[in-house]
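Just run-v9.cif here, mmCIF, C-alpha atoms and all ligand atoms:
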```cif
data_upload
#
loop_
_atom_site.label_atom_id
_atom_site.label_comp_id
_atom_site.auth_asym_id
_atom_site.auth_seq_id
_atom_site.Cartn_x
_atom_site.Cartn_y
_atom_site.Cartn_z
CA MET E 1381 72.03 159.29 -25.87
CA ASN E 1382 70.14 162.14 -27.49
CA ILE E 1383 70.72 162.04 -31.23
CA LEU E 1384 70.36 165.85 -31.36
CA ASP E 1385 73.53 166.24 -29.29
CA LEU E 1386 75.61 164.37 -31.90
CA SER E 1387 77.27 165.50 -35.11
CA ILE E 1388 76.42 163.58 -38.27
CA GLU E 1389 79.84 161.88 -38.05
CA ASP E 1390 79.11 160.72 -34.50
CA ILE E 1391 75.71 159.40 -35.58
CA LYS E 1392 77.37 157.46 -38.42
CA ASP E 1393 79.86 155.91 -35.98
CA GLN E 1394 77.05 154.83 -33.70
CA LEU E 1395 75.12 153.36 -36.64
CA LEU E 1396 78.15 151.30 -37.65
CA LYS E 1397 78.34 149.91 -34.13
CA LEU E 1398 74.69 148.85 -34.50
CA ASN E 1399 75.43 147.25 -37.87
CA GLU E 1400 73.25 149.85 -39.55
CA LYS E 1401 74.24 151.66 -42.75
CA PRO E 1402 75.85 155.06 -42.14
CA PHE E 1403 73.69 156.69 -44.86
CA ARG E 1404 70.75 156.26 -42.48
CA ALA E 1405 72.16 159.20 -40.51
CA LYS E 1406 71.14 161.62 -43.24
CA GLN E 1407 67.69 160.04 -43.52
CA ILE E 1408 67.12 160.29 -39.78
CA LEU E 1409 68.20 163.93 -39.67
CA GLU E 1410 65.89 164.70 -42.56
CA TRP E 1411 62.97 163.21 -40.67
CA ILE E 1412 63.79 165.25 -37.59
CA TYR E 1413 64.65 168.61 -39.08
CA LYS E 1414 62.75 168.70 -42.36
CA LYS E 1415 59.70 166.57 -41.67
CA ASN E 1416 59.12 167.48 -38.01
CA THR E 1417 59.25 163.89 -36.82
CA LEU E 1418 60.40 163.33 -33.27
CA ASN E 1419 59.66 159.61 -33.17
CA PHE E 1420 61.57 156.74 -34.83
CA ASP E 1421 58.34 154.79 -35.36
CA GLN E 1422 57.13 157.38 -37.84
CA MET E 1423 60.25 157.19 -40.02
CA THR E 1424 58.70 155.12 -42.78
CA ASN E 1425 61.85 154.44 -44.78
CA LEU E 1426 63.42 152.54 -41.86
CA SER E 1427 62.68 148.83 -41.36
CA ILE E 1428 61.03 147.71 -38.13
CA SER E 1429 64.25 146.03 -37.02
CA SER E 1430 66.28 149.21 -37.71
CA LYS E 1431 63.82 151.26 -35.70
CA GLU E 1432 64.09 148.86 -32.77
CA ASN E 1433 67.85 148.89 -33.10
CA LEU E 1434 68.01 152.69 -33.11
CA LYS E 1435 65.69 153.00 -30.15
CA LYS E 1436 68.09 150.88 -28.11
CA ILE E 1437 70.72 153.61 -28.04
CA PHE E 1438 69.18 156.84 -29.30
CA LYS E 1439 66.45 159.09 -28.10
CA ILE E 1440 65.28 162.11 -30.06
CA THR E 1441 63.74 164.22 -27.36
CA SER E 1442 64.77 164.85 -23.81
CA ILE E 1443 62.47 167.71 -22.99
CA ASN E 1444 58.74 167.43 -22.48
CA LEU E 1445 56.19 169.96 -23.66
CA LYS E 1446 53.97 170.58 -20.61
CA LYS E 1447 51.84 173.58 -21.44
CA ILE E 1448 51.05 176.07 -24.20
CA GLN E 1449 49.45 179.44 -23.45
CA GLY E 1450 48.25 181.84 -26.14
CA SER E 1451 47.95 185.60 -25.66
CA SER E 1452 44.56 187.20 -26.24
CA ASP E 1453 45.74 188.98 -29.41
CA LYS E 1454 46.86 185.60 -30.81
CA GLN E 1455 50.29 186.98 -31.66
CA THR E 1456 52.23 185.34 -28.87
CA LYS E 1457 52.36 181.80 -27.53
CA LYS E 1458 54.33 180.70 -24.51
CA TYR E 1459 55.60 177.12 -24.21
CA LEU E 1460 56.54 175.47 -20.94
CA PHE E 1461 58.97 172.54 -21.12
CA LYS E 1462 60.04 170.10 -18.44
CA LEU E 1463 63.66 168.96 -18.59
CA GLU E 1464 64.76 165.44 -17.64
CA ASP E 1465 66.00 166.60 -14.24
CA GLY E 1466 62.67 168.28 -13.48
CA PHE E 1467 63.60 171.90 -14.21
CA LEU E 1468 61.10 173.92 -16.20
CA ILE E 1469 62.00 176.36 -18.96
CA GLU E 1470 59.95 178.62 -21.22
CA SER E 1471 60.12 179.71 -24.85
CA VAL E 1472 57.97 182.17 -26.75
CA LEU E 1473 56.63 182.28 -30.29
CA ILE E 1474 55.94 185.76 -31.64
CA ILE E 1475 53.90 186.13 -34.81
CA SER E 1476 53.93 189.39 -36.74
CA LYS E 1477 53.11 189.91 -40.42
CA ASN E 1478 55.25 187.37 -42.27
CA ARG E 1479 57.52 186.59 -39.36
CA ARG E 1480 57.39 183.70 -36.97
CA THR E 1481 60.06 184.35 -34.37
CA ILE E 1482 61.01 182.03 -31.54
CA CYS E 1483 62.57 183.44 -28.41
CA ILE E 1484 64.58 180.61 -26.83
CA SER E 1485 66.16 180.05 -23.44
CA SER E 1486 69.82 179.09 -23.08
CA GLN E 1487 70.11 178.46 -19.33
CA VAL E 1488 67.99 177.38 -16.36
CA GLY E 1489 67.79 180.57 -14.31
CA CYS E 1490 70.35 183.33 -14.79
CA GLU E 1491 73.44 184.39 -12.88
CA ILE E 1492 73.49 187.99 -14.18
CA LYS E 1493 70.71 189.12 -11.86
CA CYS E 1494 69.64 192.37 -13.49
CA SER E 1495 67.36 194.05 -10.98
CA PHE E 1496 64.46 194.50 -13.44
CA CYS E 1497 64.39 190.96 -14.85
CA ALA E 1498 62.47 187.92 -13.57
CA SER E 1499 64.88 185.32 -15.00
CA GLY E 1500 67.54 185.55 -12.30
CA LYS E 1501 65.28 186.04 -9.31
CA LYS E 1502 65.51 182.43 -8.18
CA GLY E 1503 69.18 182.02 -9.00
CA PHE E 1504 71.12 180.09 -11.61
CA PHE E 1505 70.98 176.32 -11.97
CA ARG E 1506 72.67 175.10 -15.13
CA ASN E 1507 73.37 175.54 -18.82
CA LEU E 1508 71.06 173.96 -21.37
CA SER E 1509 72.55 171.26 -23.59
CA LEU E 1510 72.60 171.55 -27.38
CA SER E 1511 69.57 169.26 -27.67
CA GLU E 1512 67.61 171.17 -25.03
CA ILE E 1513 68.18 174.42 -26.95
CA VAL E 1514 67.29 172.97 -30.35
CA GLU E 1515 64.29 170.95 -29.14
CA GLN E 1516 62.52 174.16 -28.09
CA ILE E 1517 62.46 175.10 -31.77
CA LEU E 1518 61.50 171.63 -33.02
CA TYR E 1519 58.49 171.39 -30.70
CA ILE E 1520 57.22 174.86 -31.56
CA LYS E 1521 57.69 174.27 -35.27
CA LYS E 1522 55.70 171.07 -34.94
CA ASP E 1523 52.97 172.79 -32.93
CA ILE E 1524 52.35 175.48 -35.55
CA ASN E 1525 53.15 173.23 -38.51
CA ASP E 1526 54.83 176.11 -40.27
CA SER E 1527 58.35 177.32 -40.91
CA ILE E 1528 60.20 179.53 -38.44
CA THR E 1529 61.71 182.71 -39.88
CA ASN E 1530 63.71 184.18 -36.96
CA ILE E 1531 65.37 182.98 -33.79
CA VAL E 1532 66.27 185.23 -30.87
CA PHE E 1533 68.37 184.15 -27.91
CA MET E 1534 66.41 186.39 -25.57
CA GLY E 1535 64.70 183.90 -23.31
CA MET E 1536 65.97 182.87 -19.92
CA GLY E 1537 69.71 182.98 -19.32
CA GLU E 1538 72.85 184.74 -20.55
CA PRO E 1539 73.67 183.04 -23.86
CA LEU E 1540 77.35 184.05 -23.83
CA LEU E 1541 77.83 182.16 -20.55
CA ASN E 1542 76.77 178.98 -22.38
CA LEU E 1543 78.77 179.88 -25.44
CA GLU E 1544 79.85 176.42 -26.52
CA ASN E 1545 76.33 174.96 -26.71
CA VAL E 1546 74.85 178.19 -28.06
CA VAL E 1547 77.36 178.27 -30.92
CA LYS E 1548 76.68 174.60 -31.70
CA ALA E 1549 72.95 175.38 -31.67
CA ILE E 1550 73.45 178.34 -34.03
CA LYS E 1551 75.21 175.99 -36.45
CA VAL E 1552 72.36 173.46 -36.29
CA ILE E 1553 69.76 176.22 -36.69
CA SER E 1554 71.49 177.72 -39.72
CA ASN E 1555 72.80 174.59 -41.49
CA GLU E 1556 70.78 174.02 -44.65
CA ASN E 1557 70.53 170.31 -43.91
CA TYR E 1558 69.15 171.02 -40.49
CA LEU E 1559 66.83 173.94 -39.66
CA ASN E 1560 68.09 176.15 -42.47
CA ILE E 1561 67.40 179.54 -40.86
CA SER E 1562 69.99 182.02 -42.10
CA GLN E 1563 72.43 183.36 -39.49
CA ARG E 1564 71.24 186.83 -40.49
CA LYS E 1565 67.88 185.93 -38.98
CA ILE E 1566 69.39 184.84 -35.68
CA THR E 1567 69.89 187.40 -32.91
CA LEU E 1568 71.77 186.98 -29.67
CA SER E 1569 71.21 189.42 -26.83
CA THR E 1570 73.86 189.77 -24.14
CA SER E 1571 74.18 191.64 -20.88
CA GLY E 1572 77.76 192.41 -22.00
CA ILE E 1573 80.79 190.28 -21.13
CA VAL E 1574 83.84 191.62 -22.95
CA GLU E 1575 85.89 188.39 -23.15
CA LYS E 1576 82.87 186.44 -24.35
CA ILE E 1577 82.07 188.99 -27.07
CA ASN E 1578 85.67 188.62 -28.23
CA GLU E 1579 85.34 184.84 -28.17
CA LEU E 1580 82.11 185.02 -30.17
CA LYS E 1581 83.83 187.23 -32.73
CA GLU E 1582 86.42 184.49 -33.32
CA LYS E 1583 83.63 182.06 -34.25
CA ASN E 1584 83.01 184.08 -37.39
CA LEU E 1585 79.25 183.80 -37.37
CA LYS E 1586 76.96 186.15 -39.25
CA ILE E 1587 74.41 186.53 -36.48
CA ASN E 1588 73.13 189.80 -35.04
CA LEU E 1589 74.51 190.79 -31.68
CA VAL E 1590 72.52 193.03 -29.36
CA LEU E 1591 73.87 194.57 -26.18
CA SER E 1592 71.57 195.21 -23.22
CA LEU E 1593 72.89 198.70 -22.57
CA HIS E 1594 69.95 200.08 -20.58
CA ALA E 1595 71.81 203.16 -19.30
CA SER E 1596 73.60 206.22 -20.62
CA ASN E 1597 76.50 205.96 -18.18
CA ASP E 1598 78.26 203.41 -15.96
CA GLU E 1599 76.85 204.78 -12.71
CA ILE E 1600 73.24 204.32 -13.78
CA ARG E 1601 74.01 200.93 -15.33
CA LYS E 1602 75.58 199.68 -12.09
CA LYS E 1603 72.36 200.46 -10.22
CA ILE E 1604 70.34 197.96 -12.27
CA MET E 1605 72.94 195.55 -13.69
CA PRO E 1606 75.51 194.09 -11.25
CA ILE E 1607 77.62 193.02 -14.24
CA ALA E 1608 78.26 196.72 -15.00
CA SER E 1609 80.73 196.74 -12.09
CA ASN E 1610 82.92 194.30 -14.05
CA TYR E 1611 82.75 195.90 -17.50
CA LYS E 1612 82.74 199.59 -18.37
CA ILE E 1613 80.51 200.78 -21.21
CA LYS E 1614 83.61 202.18 -22.94
CA ASP E 1615 85.24 198.71 -23.03
CA LEU E 1616 82.02 197.06 -24.16
CA LEU E 1617 81.72 199.54 -27.01
CA SER E 1618 85.24 198.87 -28.23
CA SER E 1619 84.73 195.10 -28.17
CA LEU E 1620 81.50 195.61 -30.14
CA LYS E 1621 83.31 197.78 -32.67
CA GLU E 1622 85.79 194.98 -33.24
CA TYR E 1623 82.98 192.48 -33.48
CA PHE E 1624 81.41 194.66 -36.15
CA ASN E 1625 84.66 195.09 -38.05
CA THR E 1626 85.13 191.34 -38.20
CA THR E 1627 81.61 190.15 -38.86
CA LYS E 1628 80.25 193.16 -40.75
CA ARG E 1629 76.97 192.67 -38.93
CA ASP E 1630 74.98 195.55 -37.47
CA ILE E 1631 75.24 196.20 -33.79
CA SER E 1632 72.15 197.09 -31.85
CA PHE E 1633 71.52 198.17 -28.31
CA GLU E 1634 68.57 197.48 -26.11
CA TYR E 1635 67.54 200.23 -23.77
CA ILE E 1636 64.90 199.47 -21.17
CA LEU E 1637 62.90 202.55 -20.23
CA ILE E 1638 62.08 202.73 -16.54
CA GLU E 1639 60.00 205.68 -15.35
CA ASP E 1640 61.93 208.38 -13.49
CA PHE E 1641 65.10 206.32 -13.61
CA ASN E 1642 66.64 206.41 -17.10
CA ASP E 1643 63.88 207.91 -19.25
CA SER E 1644 64.44 211.70 -19.11
CA LYS E 1645 65.55 214.04 -21.88
CA LYS E 1646 68.90 214.39 -20.10
CA HIS E 1647 69.43 210.62 -20.32
CA ALA E 1648 68.45 210.61 -23.98
CA LEU E 1649 70.99 213.36 -24.75
CA GLU E 1650 73.70 211.53 -22.83
CA LEU E 1651 72.91 208.40 -24.84
CA VAL E 1652 73.23 210.37 -28.08
CA LYS E 1653 76.65 211.59 -26.99
CA LEU E 1654 77.73 208.08 -26.10
CA LEU E 1655 76.68 206.52 -29.40
CA ARG E 1656 77.10 209.43 -31.80
CA HIS E 1657 80.08 207.93 -33.63
CA PHE E 1658 78.73 204.44 -33.59
CA GLN E 1659 76.83 202.96 -36.51
CA CYS E 1660 74.03 201.26 -34.65
CA THR E 1661 70.36 200.90 -33.87
CA ILE E 1662 68.78 201.49 -30.49
CA ASN E 1663 65.84 199.36 -29.56
CA LEU E 1664 63.75 200.95 -26.82
CA ILE E 1665 61.92 198.51 -24.54
CA PRO E 1666 59.45 200.10 -22.13
CA TYR E 1667 59.82 198.16 -18.86
CA ASN E 1668 57.53 195.13 -18.58
CA PRO E 1669 56.19 194.81 -15.04
CA ILE E 1670 57.58 192.00 -12.90
CA GLU E 1671 55.68 190.91 -9.82
CA SER E 1672 57.11 192.28 -6.56
CA LEU E 1673 59.23 194.97 -8.27
CA SER E 1674 58.37 198.62 -7.83
CA TYR E 1675 59.74 199.89 -11.18
CA LYS E 1676 57.24 201.57 -13.46
CA LYS E 1677 56.73 201.62 -17.19
CA PRO E 1678 56.90 205.21 -18.55
CA SER E 1679 53.83 206.74 -20.15
CA PHE E 1680 53.37 206.64 -23.90
CA ASP E 1681 54.23 210.35 -24.14
CA ARG E 1682 57.43 209.98 -22.19
CA VAL E 1683 58.59 207.14 -24.43
CA ARG E 1684 57.74 209.26 -27.47
CA GLU E 1685 59.74 212.21 -26.14
CA PHE E 1686 62.76 210.02 -25.43
CA LYS E 1687 62.56 208.53 -28.89
CA LYS E 1688 62.26 211.97 -30.46
CA VAL E 1689 65.57 213.12 -28.94
CA LEU E 1690 67.31 210.14 -30.54
CA ASP E 1691 65.50 210.63 -33.85
CA ASP E 1692 66.39 214.32 -33.93
CA ASN E 1693 70.03 213.41 -33.43
CA LYS E 1694 70.03 210.90 -36.30
CA ILE E 1695 70.31 207.81 -34.15
CA ILE E 1696 68.35 204.95 -35.66
CA VAL E 1697 65.78 203.99 -33.11
CA THR E 1698 63.10 201.33 -32.98
CA GLN E 1699 60.62 200.57 -30.29
CA ARG E 1700 59.80 197.08 -29.15
CA TYR E 1701 56.09 196.80 -28.67
CA THR E 1702 55.10 194.76 -25.71
CA LYS E 1703 53.79 191.41 -26.82
CA GLY E 1704 52.39 188.64 -24.71
CA ASP E 1705 52.45 190.47 -21.37
CA ASP E 1706 49.00 189.07 -20.55
CA ILE E 1707 50.65 185.62 -20.36
CA SER E 1708 53.95 186.86 -18.84
CA ALA E 1709 55.80 186.15 -22.07
CA ALA E 1710 57.23 189.62 -22.71
CA CYS E 1711 60.94 190.53 -22.38
CA GLY E 1712 62.24 189.81 -18.91
CA GLN E 1713 59.10 188.04 -17.74
CA LEU E 1714 60.34 184.50 -18.37
CA ALA E 1715 61.18 183.01 -15.05
CA PHE E 1716 62.52 179.76 -13.77
CA LYS E 1717 59.78 177.70 -12.20
CA SER E 1718 60.39 174.76 -9.93
CA GLN E 1719 57.73 172.26 -11.11
N1 LIG Z 1801 70.62 187.75 -20.93
C1 LIG Z 1801 70.40 188.41 -22.17
C2 LIG Z 1801 69.00 188.14 -22.74
C3 LIG Z 1801 67.92 188.71 -21.87
S1 LIG Z 1801 66.29 188.96 -22.39
C4 LIG Z 1801 70.61 189.90 -22.00
O1 LIG Z 1801 70.79 190.34 -20.88
O2 LIG Z 1801 70.65 190.62 -22.99
C5 LIG Z 1801 66.25 190.14 -23.61
C6 LIG Z 1801 66.09 191.60 -23.18
O3 LIG Z 1801 65.00 191.83 -22.28
C7 LIG Z 1801 67.34 192.10 -22.48
O4 LIG Z 1801 67.71 193.33 -23.04
C8 LIG Z 1801 66.85 192.30 -21.07
O5 LIG Z 1801 67.62 193.23 -20.37
C9 LIG Z 1801 65.43 192.77 -21.30
N2 LIG Z 1801 64.58 192.72 -20.12
C10 LIG Z 1801 64.77 191.99 -19.00
N3 LIG Z 1801 63.80 192.25 -18.11
C11 LIG Z 1801 62.97 193.16 -18.67
C12 LIG Z 1801 61.77 193.80 -18.26
N4 LIG Z 1801 61.23 193.59 -17.08
N5 LIG Z 1801 61.19 194.69 -19.12
C13 LIG Z 1801 61.74 194.92 -20.34
N6 LIG Z 1801 62.85 194.34 -20.78
C14 LIG Z 1801 63.47 193.46 -19.96
#
```

What is this structure when it is put down as C-alpha cells?
Ligand code: SAH
Amino acid sequence: MNILDLSIEDIKDQLLKLNEKPFRAKQILEWIYKKNTLNFDQMTNLSISSKENLKKIFKITSINLKKIQGSSDKQTKKYLFKLEDGFLIESVLIISKNRRTICISSQVGCEIKCSFCASGKKGFFRNLSLSEIVEQILYIKKDINDSITNIVFMGMGEPLLNLENVVKAIKVISNENYLNISQRKITLSTSGIVEKINELKEKNLKINLVLSLHASNDEIRKKIMPIASNYKIKDLLSSLKEYFNTTKRDISFEYILIEDFNDSKKHALELVKLLRHFQCTINLIPYNPIESLSYKKPSFDRVREFKKVLDDNKIIVTQRYTKGDDISAACGQLAFKSQ
C-alpha cells in the first residue's frame, strides 16, 4: 500500500502489525515531507531490518516521473508523470519573483468538456488518489530542491468532482507536519457545481476559491461550457456568497478572453453589472491556443480596453500573463496523453 494514502494513525497500526515501534511513523513522514526522501533506504535513522520490514508492505511512490520540459524563459517547467495503470498526467511549476507555484492535476482527463480547453478533449478516465495528487508536489519539490510557496488546483480535471481526495490532499499540503503550505496559499479553480461548492464550504477550509465564469450571461456561457446548462450564474453567485460568508476568503473569477466572442466593451459592461455588488477580483486570461480549435486570442489592445472598462467601474481586475505556452503548459493546455 502507498504510505501517502494513509493517515498517521493508520501508519502506526500497520507498524504495530510489523512489530515496529509506532513512533517510527513520525520519523518516516518527516523523511518524506521535510527531507524530500522518497526511498526507505535513505532513511538513516531506521535499521536495515526495519527498512526491509517496511518495504514488505509500504511503497512511497506510485507515480513515475517520465519527462521534464523547461520553457525558454526559464519561468515554467512542465512535468509528465506515468501512473501505475499507464495513464499520463502533467503538472506545472511556475516561478515568479519569490513565488514557486505548482499547478497540479486532480483527475485523468476531464468530464466538464469546456469547448476551449484541451483537458477534456479525450474524455474522462478516473479520479486521482490522494497519493497521486500529493506525489506531484513531492517530485517537483525534490527536482528544484527548494520550498514551494503556492499550490493551485488548476491542472487537468475538475477538482470538485474529486472532492474527497482533493480535501484530503489540501490537509496534507497545509498540515505543518507535512508540506506546511498555508491554506491561504492554496487555490482551487472550479467550473462551477453548486452542490459541490456548498459541500466544500462545510469543510471549513481557508483556501481560495476561483470560479471559471468566462461569460457575462448564461447564454454566452452555455456556448462554451456545457455545465452552464445545469447551473445558472445567479445560483453560482449565491453559493459563492455563502462560501465567502462562511470562510471569509476572497472570491475570484476567471474570465477567458476569446476574440470576437466575449471580449467586447458590451460584454465588459455586462460583467460589471453582474458583479457590481460582489466583493471580488476578476482574473482575465487571454485564450491560450489549443491545437485544432479555431478560437483566437484577442490583441493586446483589445484586452487592455476590456480591462479598462472593469477598472473604470471599480472592479478589481488582474491579468494572467501567459506562461509556458511554448511547452504547452499554459492554462487549458494540459491534456491527457495515452502513453
Ligand atoms: N476545472 C477547473 C480547473 C481548470 S484550469 C476549472 O474549470 O476551473 C484553470 C483555468 O484555465 C480555468 O479557468 C479554465 O477555464 C482555464 N482555461 C482552460 N482552457 C483554457 C485556454 N485554452 N486558454 C485560457 N484559459 C483556459

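Residues within 10 Å of region 1706-1709 of chain E, counting all atoms listed in the file and excluding same-chain residues fewer than 2 positions away, are Gln1449, Gly1450, Ser1451, Ser1452, Asp1453, Thr1456, Lys1457, Lys1458, Tyr1459, Glu1470, Ser1471, Val1472, Leu1473, Ile1474, Cys1483, Gly1535, Asn1668, Pro1669, Ile1670, Thr1702, Lys1703, Gly1704, Cys1711, Gly1712, Gln1713, Leu1714 and Ala1715 of chain E.
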
May I ask you to write as number ranges by chain all residues lying at most 8 Å from ligand LIG 1801 (chain Z), with all atoms listed in the file counted?
E: 1490, 1492, 1494, 1496-1499, 1533-1539, 1568-1572, 1590-1594, 1634-1637, 1665-1670, 1710-1713

Output file for the selection above: C-alpha atoms, as a short mmCIF file (atom, residue, chain, number, x, y, z; two decimals), keeping the file's coordinate frame:
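The resulting out.cif:
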```cif
data_model
loop_
_atom_site.label_atom_id
_atom_site.label_comp_id
_atom_site.auth_asym_id
_atom_site.auth_seq_id
_atom_site.Cartn_x
_atom_site.Cartn_y
_atom_site.Cartn_z
CA CYS E 1490 70.35 183.33 -14.79
CA ILE E 1492 73.49 187.99 -14.18
CA CYS E 1494 69.64 192.37 -13.49
CA PHE E 1496 64.46 194.50 -13.44
CA CYS E 1497 64.39 190.96 -14.85
CA ALA E 1498 62.47 187.92 -13.57
CA SER E 1499 64.88 185.32 -15.00
CA PHE E 1533 68.37 184.15 -27.91
CA MET E 1534 66.41 186.39 -25.57
CA GLY E 1535 64.70 183.90 -23.31
CA MET E 1536 65.97 182.87 -19.92
CA GLY E 1537 69.71 182.98 -19.32
CA GLU E 1538 72.85 184.74 -20.55
CA PRO E 1539 73.67 183.04 -23.86
CA LEU E 1568 71.77 186.98 -29.67
CA SER E 1569 71.21 189.42 -26.83
CA THR E 1570 73.86 189.77 -24.14
CA SER E 1571 74.18 191.64 -20.88
CA GLY E 1572 77.76 192.41 -22.00
CA VAL E 1590 72.52 193.03 -29.36
CA LEU E 1591 73.87 194.57 -26.18
CA SER E 1592 71.57 195.21 -23.22
CA LEU E 1593 72.89 198.70 -22.57
CA HIS E 1594 69.95 200.08 -20.58
CA GLU E 1634 68.57 197.48 -26.11
CA TYR E 1635 67.54 200.23 -23.77
CA ILE E 1636 64.90 199.47 -21.17
CA LEU E 1637 62.90 202.55 -20.23
CA ILE E 1665 61.92 198.51 -24.54
CA PRO E 1666 59.45 200.10 -22.13
CA TYR E 1667 59.82 198.16 -18.86
CA ASN E 1668 57.53 195.13 -18.58
CA PRO E 1669 56.19 194.81 -15.04
CA ILE E 1670 57.58 192.00 -12.90
CA ALA E 1710 57.23 189.62 -22.71
CA CYS E 1711 60.94 190.53 -22.38
CA GLY E 1712 62.24 189.81 -18.91
CA GLN E 1713 59.10 188.04 -17.74
#
```

For Asp1630 (chain E), list every protein, DNA or RNA residue within 12 Å, evaluated using only C-alpha atoms, and leave out those in the same chain fewer than 2 positions away; present the list as a count of residues only.
25

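Rounded to one decimal, CA of Phe1420 (chain E) and CA of Ala1405 (chain E) lie 12.3 Å from each other.
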
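Restricting the calculation to all atoms listed in the file, the smallest distance between Gly1500 (chain E) and any of E:Ile1408, E:Leu1543, E:Ile1520, E:Met1605 is found for E:Met1605.
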
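In terms of minimum interatomic distance to Ile1412 (chain E), E:Glu1515 ranks closest within E:Asp1705, E:Glu1389, E:Asp1692, E:Glu1515, counting all atoms listed in the file.
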
From E:Ile1531, E:Leu1398, E:Val1574, E:Leu1654, residue lying nearest Arg1479 (chain E) [only C-alpha atoms]
E:Ile1531

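Between CA of Pro1678 (chain E) and CA of Ile1638 (chain E) the interatomic distance comes to 6.1 Å.
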
Considering all atoms listed in the file, can you say which of E:Asp1390, E:Asp1421, E:Glu1512, E:Glu1650 comes closest to Leu1468 (chain E)?
E:Glu1512

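Among E:Leu1585, E:Ile1577, E:Ile1695, E:Val1488, the residue with the shortest atom-to-atom distance to Asn1663 (chain E), counting all atoms listed in the file, is E:Ile1695.
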
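Here CA of Ser1672 (chain E) and CA of Asp1598 (chain E) stand 25.7 Å from one another.
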
Check the smallest atom-to-atom distance from each of E:Gln1455, E:Ser1527, E:Thr1481, E:Ser1387 to Leu1409 (chain E) using all atoms listed in the file, then report the winner.
E:Ser1387

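Near (73.5, 173.2, -28.3), the residues inside the 6 Å limit, counting all atoms listed in the file, come to Ser1509, Leu1510, Ser1511, Ile1513, Asn1545, Val1546, Lys1548 and Ala1549 of chain E.
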
Compile the contact shell of Gln1407 (chain E) as JSON, numbers by chain: residues with an atom at most 12 Å away, counting only C-alpha atoms, same-chain residues fewer than 2 positions apart removed.
{"E": [1388, 1391, 1392, 1401, 1402, 1403, 1404, 1405, 1409, 1410, 1411, 1412, 1413, 1414, 1415, 1417, 1420, 1423, 1424, 1425, 1426, 1557, 1558]}

If the box runs along x, y and z of the file and leaves 4 Å on each side of region 1693-1708 of chain E, what are its centre and edge lengths in Å, one decimal, as AutoDock Vina command-line options?
```
--center_x 59.7 --center_y 199.5 --center_z -27.6 --size_x 29.3 --size_y 35.8 --size_z 25.5
```

Any idea what's packed within 10 Å of Phe1641 (chain E), counting only C-alpha atoms, ignoring anything in its chain fewer than 2 positions away? Could you give it as an MDAnalysis selection string?
chainID E and resid 1595 1600 1603:1604 1637:1639 1643:1644 1647 1675:1676 1678

With N, CA and C atoms as the goal, would you fill in the gaps in region 1530-1542 of chain E and present it as a tab-separated table (two decimals), in the coordinates of the input?
```
chain	number	residue	atom	x	y	z
E	1530	ASN	N	62.68	183.51	-37.77
E	1530	ASN	CA	63.71	184.18	-36.96
E	1530	ASN	C	63.87	183.49	-35.61
E	1531	ILE	N	65.10	183.53	-35.12
E	1531	ILE	CA	65.37	182.98	-33.79
E	1531	ILE	C	66.04	184.08	-32.97
E	1532	VAL	N	65.57	184.29	-31.76
E	1532	VAL	CA	66.27	185.23	-30.87
E	1532	VAL	C	66.65	184.53	-29.57
E	1533	PHE	N	67.92	184.68	-29.21
E	1533	PHE	CA	68.37	184.15	-27.91
E	1533	PHE	C	68.09	185.24	-26.88
E	1534	MET	N	66.83	185.35	-26.51
E	1534	MET	CA	66.41	186.39	-25.57
E	1534	MET	C	65.50	185.82	-24.49
E	1535	GLY	N	65.50	184.50	-24.37
E	1535	GLY	CA	64.70	183.90	-23.31
E	1535	GLY	C	65.48	183.92	-22.02
E	1536	MET	N	65.27	182.89	-21.21
E	1536	MET	CA	65.97	182.87	-19.92
E	1536	MET	C	67.46	182.57	-20.11
E	1537	GLY	N	68.28	183.28	-19.33
E	1537	GLY	CA	69.71	182.98	-19.32
E	1537	GLY	C	70.56	183.98	-20.09
E	1538	GLU	N	71.87	183.91	-19.84
E	1538	GLU	CA	72.85	184.74	-20.55
E	1538	GLU	C	73.53	183.84	-21.58
E	1539	PRO	N	73.16	183.99	-22.86
E	1539	PRO	CA	73.67	183.04	-23.86
E	1539	PRO	C	75.20	182.97	-23.94
E	1540	LEU	N	75.89	184.09	-23.69
E	1540	LEU	CA	77.35	184.05	-23.83
E	1540	LEU	C	78.00	183.27	-22.69
E	1541	LEU	N	77.26	183.00	-21.62
E	1541	LEU	CA	77.83	182.16	-20.55
E	1541	LEU	C	77.58	180.67	-20.83
E	1542	ASN	N	76.92	180.37	-21.92
E	1542	ASN	CA	76.77	178.98	-22.38
E	1542	ASN	C	77.21	178.95	-23.84
```
